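S.K.: Would you mind keeping the following structure in view while I ask a few things?
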Amino acid sequence: MLKIENLGHRFDQGWLFRHVSAEVESGGRLLISGRNGSGKSTFLRSIAGLLIPREGEIIAPERVGYSALDLNVYPHLTASEHLEFSALLRGVKPEPTKWLSQVGLENVNGKLCNAFSTGMRARLKIALALQCKPELLILDEPTASLDDAGRELIDSIMTNFGGAVVYASNDEHDRRWATHELVL
Amino acid sequence: MNSFFSPQVKACLIKEWRVEARSRQGLFVSALFGFMALAAVNFSTMITVPAPGLAAGLLAVILIFVATVAVPRIFLAEDEQGTFDLVRQWGASGPVFLGKALFGAIFQGGAGFILGLFYSGMIGVPVVNWPLFLVMSTLLGIASSNVLCLTSTMVMTASNRWVLASVVGLPLLFPLIFLGIGGLKVSFGDGGMEGAYQSIAALVGYAVVPLGLGPMVAQSLWTERRDPGQNPDLPQNKDRL
């Protein structure tokens, strides 16, 4: 499913992480933990194909869903328009009603995202990540900024999602889903 | 193969259109700069009517600068507002570039047409060839927009992107001023049609070539490469391991 071999990345100050290897099978939950600035988000961005690592190899499935805390949505589009736009770019069915109801945003249709709270944006990003029916789901701080209902949603995804999940978190409660852990 | 008619390009075009219709950032910036420039030109030419060449030059500069303040935002705003990763994980670079370039071309083509009409009414120099005048105004807006789209794509992942965009854009936009003057002054009655046809042909080239190069440039920059390429054997790097 996902194979990471000898991964390393560096910025101006030097190596952020190096010689990192991991393997996750379908159904596996890989937790990435580490202190602030240890490279958790950079590691996830590398796996998502958004950043070319300085060294190492990543073998990832074709359909990857990615959601991160620092990922923004378009402030002047509605949630449905986001899902329609992403579906056309990815070549999948938009089905905005289905995906919005899955993440508890069924009542925000027509509302622009600049009126969304941080938690609502996080839910929309989860819907966008799930829309392509990914084999691998990458979640950076999945429960940050979410209320209890939002945390239940993440819990349900972590429990029921059939593919592999790689997620970064320092929250002790998020550790319960992990089948493997990688400390950066 | 990227096509202007692919659903991905259409999706990007619609997205840009919706964002602009709701934020009106490009419209306000273009209108503010364009009409301020027209007003300044009008005041300065109230007493003395400029020669056709000067009138053509002023309009060419106004149209190119209107595009300069409005078009780079279409690309650079993605990175600045944090949505670039969103679009990068969803779509191929080619359709995204073409959708944005198409939106910029329509917007600036329209701006060129409208500003040209206002300019002709304010400058005091009679237009003797209206079809040529309107074609040149519109085409200059489109060519400027497409050149700026290419320039913005080249610098979109750089940390000092606005400075780089100016540096890279200047030499690319310079010939457009000469081509714009060459065609527009004929529409004001100075020079023969041969020169105007040459200017139109060259402007069409300037409008089309970026559409071919842009997707390739975007593809090469689609995945981030923000690292300085340091030597991994340096002591300070070993200490981090």
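Every chain in the structure tokens has a letter given in the order shown (A, B, ...), and although residue numbers restart at 1 in each chain, ligands are simply numbered from 1 in the order shown.
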As a PyMOL selection string, could you give me every residue of chain A near chain B (at most 7 Å apart, counting only C-alpha atoms)?
M.R.: chain A and resi 10-12+14-15+17-18+50-52+71-74+76-77+85-86+88-90
S.K.: For the residues in that selection, give me N, CA and C atoms as a short mmCIF file (atom, residue, chain, number, x, y, z; two decimals), in the first residue's frame.
M.R.:
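Wrote again30.cif, looks like this:
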data_model
loop_
_atom_site.label_atom_id
_atom_site.label_comp_id
_atom_site.auth_asym_id
_atom_site.auth_seq_id
_atom_site.Cartn_x
_atom_site.Cartn_y
_atom_site.Cartn_z
N ARG A 10 15.53 18.36 3.99
CA ARG A 10 16.25 19.41 4.72
C ARG A 10 15.85 20.79 4.22
N PHE A 11 15.94 21.74 5.11
CA PHE A 11 15.75 23.15 4.79
C PHE A 11 17.08 23.87 5.05
N ASP A 12 17.04 25.18 5.10
CA ASP A 12 18.26 25.97 5.29
C ASP A 12 19.09 25.51 6.49
N GLY A 14 19.37 22.71 7.99
CA GLY A 14 19.94 21.36 7.99
C GLY A 14 18.85 20.33 7.79
N TRP A 15 19.18 19.09 8.12
CA TRP A 15 18.22 18.00 7.90
C TRP A 15 17.08 18.09 8.90
N PHE A 17 14.55 15.64 8.85
CA PHE A 17 14.53 14.23 9.23
C PHE A 17 15.31 13.47 8.16
N ARG A 18 15.80 12.32 8.53
CA ARG A 18 16.61 11.55 7.58
C ARG A 18 16.57 10.08 7.94
N LEU A 50 3.17 16.49 -2.50
CA LEU A 50 3.19 17.95 -2.62
C LEU A 50 4.59 18.52 -2.48
N LEU A 51 5.51 17.70 -2.06
CA LEU A 51 6.87 18.16 -1.83
C LEU A 51 7.84 17.05 -2.23
N ILE A 52 8.87 17.42 -2.96
CA ILE A 52 9.86 16.42 -3.34
C ILE A 52 10.89 16.32 -2.23
N LEU A 71 -3.82 23.83 5.49
CA LEU A 71 -4.39 23.85 4.14
C LEU A 71 -5.63 24.74 4.17
N ASN A 72 -5.71 25.70 3.29
CA ASN A 72 -6.86 26.61 3.30
C ASN A 72 -7.85 26.26 2.20
N VAL A 73 -9.08 26.70 2.38
CA VAL A 73 -10.09 26.55 1.33
C VAL A 73 -10.34 27.93 0.72
N TYR A 74 -11.00 27.95 -0.43
CA TYR A 74 -11.25 29.23 -1.11
C TYR A 74 -12.32 30.01 -0.35
N HIS A 76 -14.12 32.50 -1.15
CA HIS A 76 -15.27 32.99 -1.92
C HIS A 76 -16.03 31.89 -2.66
N LEU A 77 -15.80 30.64 -2.26
CA LEU A 77 -16.58 29.54 -2.82
C LEU A 77 -17.39 28.88 -1.70
N PHE A 85 -15.76 21.60 -7.90
CA PHE A 85 -14.48 21.97 -8.53
C PHE A 85 -13.47 20.83 -8.42
N SER A 86 -13.33 20.28 -7.22
CA SER A 86 -12.34 19.21 -7.03
C SER A 86 -12.73 17.97 -7.82
N LEU A 88 -14.36 17.81 -10.69
CA LEU A 88 -14.05 18.00 -12.11
C LEU A 88 -12.55 17.87 -12.36
N LEU A 89 -11.75 18.40 -11.45
CA LEU A 89 -10.30 18.30 -11.64
C LEU A 89 -9.81 16.86 -11.49
N ARG A 90 -10.44 16.12 -10.57
CA ARG A 90 -9.98 14.74 -10.32
C ARG A 90 -10.66 13.72 -11.22
#
S.K.: Do a neighbour search on region 114-118 of chain A at 7 Å with only C-alpha atoms, toss out local chain neighbours closer than 2 positions, and write the hits as a ChimeraX atom specification.
M.R.: /A:75-76,111-112,120-122,145
S.K.: Which neighbours of Val69 (chain B) fall inside 12 Å, counting only C-alpha atoms, when residues of the same chain fewer than 6 positions from it are skipped, and could you give them as a PyMOL selection string?
M.R.: chain B and resi 25-34+62-63+76+104+108+144-145+148-149+152+162+165-166+169
S.K.: Residues of the last selection are to be written out with C-alpha atoms, as a compact mmCIF listing (two decimals), in the first residue's frame.
M.R.:
# COMPACT_ATOMS: atom_id res chain seq x y z
CA GLN B 25 -10.55 42.27 -6.52
CA GLY B 26 -9.33 42.22 -10.12
CA LEU B 27 -12.17 44.44 -11.27
CA PHE B 28 -11.53 47.06 -8.58
CA VAL B 29 -7.77 47.06 -9.14
CA SER B 30 -8.14 47.29 -12.94
CA ALA B 31 -10.86 49.94 -12.78
CA LEU B 32 -9.03 52.04 -10.21
CA PHE B 33 -5.71 51.96 -12.03
CA GLY B 34 -7.22 52.23 -15.53
CA ILE B 62 -2.13 52.04 -19.61
CA LEU B 63 -3.33 48.65 -20.93
CA LEU B 76 0.20 34.22 -6.84
CA GLY B 104 -7.06 36.41 -17.40
CA GLN B 108 -7.98 41.75 -19.76
CA SER B 144 -0.21 41.23 -21.80
CA SER B 145 -2.36 38.92 -19.70
CA LEU B 148 1.99 37.83 -17.24
CA CYS B 149 0.37 34.42 -16.64
CA SER B 152 3.59 34.45 -12.65
CA TRP B 162 6.51 39.57 -6.44
CA ALA B 165 7.66 38.56 -11.24
CA SER B 166 8.63 42.19 -11.89
CA GLY B 169 8.04 40.28 -16.56
S.K.: Please identify the alpha helix (DSSP H) residues within region 124-169 of chain A (assignment by DSSP from backbone atoms) and present them as a PDB file with C-alpha atoms, in the first residue's frame.
M.R.:
ATOM      1  CA  LEU A 124     -14.913  20.408   4.475  1.00  0.00           C
ATOM      2  CA  LYS A 125     -11.261  19.442   4.000  1.00  0.00           C
ATOM      3  CA  ILE A 126     -12.068  15.936   5.275  1.00  0.00           C
ATOM      4  CA  ALA A 127     -14.951  15.709   2.761  1.00  0.00           C
ATOM      5  CA  LEU A 128     -12.608  16.846  -0.032  1.00  0.00           C
ATOM      6  CA  ALA A 129     -10.014  14.269   1.012  1.00  0.00           C
ATOM      7  CA  LEU A 130     -12.594  11.460   1.037  1.00  0.00           C
ATOM      8  CA  GLN A 131     -14.287  12.479  -2.228  1.00  0.00           C
ATOM      9  CA  ASP A 148     -16.856  16.678  20.166  1.00  0.00           C
ATOM     10  CA  ALA A 149     -19.076  15.846  17.166  1.00  0.00           C
ATOM     11  CA  GLY A 150     -16.139  16.515  14.835  1.00  0.00           C
ATOM     12  CA  ARG A 151     -13.896  14.242  16.903  1.00  0.00           C
ATOM     13  CA  GLU A 152     -16.552  11.536  16.659  1.00  0.00           C
ATOM     14  CA  LEU A 153     -16.499  11.987  12.880  1.00  0.00           C
ATOM     15  CA  ILE A 154     -12.729  11.461  12.811  1.00  0.00           C
ATOM     16  CA  ASP A 155     -13.137   8.483  15.135  1.00  0.00           C
ATOM     17  CA  SER A 156     -15.691   6.992  12.737  1.00  0.00           C
ATOM     18  CA  ILE A 157     -13.358   7.515   9.743  1.00  0.00           C
ATOM     19  CA  MET A 158     -10.423   5.994  11.605  1.00  0.00           C
ATOM     20  CA  THR A 159     -12.532   3.007  12.590  1.00  0.00           C
ATOM     21  CA  ASN A 160     -14.372   2.361   9.338  1.00  0.00           C
TER      22      ASN A 160
END
S.K.: Just give me the gap between CA of Leu146 (chain A) and CA of Gly34 (chain A) in Å, one decimal is fine.
M.R.: 21.0 Å
S.K.: Find the residues near Ala55 (chain B): any atom within 8 Å, counting only C-alpha atoms, skip ones fewer than 4 places away on the same chain, and give them as a ChimeraX atom specification.
M.R.: /B:50-51,59,123,125,185
S.K.: Could you take the residues named above and write them with N, CA and C atoms, as a compact mmCIF listing (two decimals), in the first residue's frame?
M.R.:
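again_13.txt, written as the output of this step:
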# COMPACT_ATOMS: atom_id res chain seq x y z
N PRO B 50 -2.23 65.45 -28.25
CA PRO B 50 -0.98 64.74 -28.56
C PRO B 50 -0.95 64.21 -29.99
N ALA B 51 0.26 63.94 -30.45
CA ALA B 51 0.45 63.33 -31.78
C ALA B 51 -0.07 61.90 -31.72
N LEU B 59 -1.85 54.87 -24.44
CA LEU B 59 -2.85 53.80 -24.29
C LEU B 59 -2.18 52.44 -24.08
N ILE B 123 -9.06 61.38 -25.22
CA ILE B 123 -7.73 61.83 -25.63
C ILE B 123 -7.77 62.99 -26.63
N VAL B 125 -7.69 62.77 -29.87
CA VAL B 125 -7.13 62.38 -31.17
C VAL B 125 -8.17 61.49 -31.87
N LYS B 185 -1.06 53.39 -33.37
CA LYS B 185 -0.86 54.70 -34.03
C LYS B 185 -1.41 54.70 -35.45
S.K.: Counting only C-alpha atoms, which of A:Leu44, A:Val108, A:Ala178, A:Ala87 gets nearest to Tyr66 (chain A)?
M.R.: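 Of all the options, A:Leu44 lies closest to Tyr66 (chain A).
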S.K.: Considering only C-alpha atoms, can you say which of A:Glu84, A:Glu62, A:Asp174, A:Asp70 comes closest to Leu136 (chain A)?
M.R.: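 Among the listed residues, the smallest separation from Leu136 (chain A) belongs to A:Glu62.
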S.K.: Write out as a list in words each polymer residue whose atoms come within 12 Å of Pro52 (chain B), counting only C-alpha atoms; drop sequence neighbours fewer than 2 positions from it.
M.R.: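 The residues that qualify are Val49, Pro50, Leu54, Ala55, Ala56, Gly57, Leu58, Leu59, Ser120, Ile123, Gly124, Val125, Pro126, Val127, Val128, Ile181, Gly182, Gly183, Leu184, Lys185, Val186, Ser187, Phe188, Gly189, Asp190 and Gly191 of chain B.
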S.K.: Would you mind reading off the distance between CA of Gln219 (chain B) and CA of Trp17 (chain B), one decimal, in Å?
M.R.: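 Rounded to one decimal, the two atoms are 23.2 Å apart.
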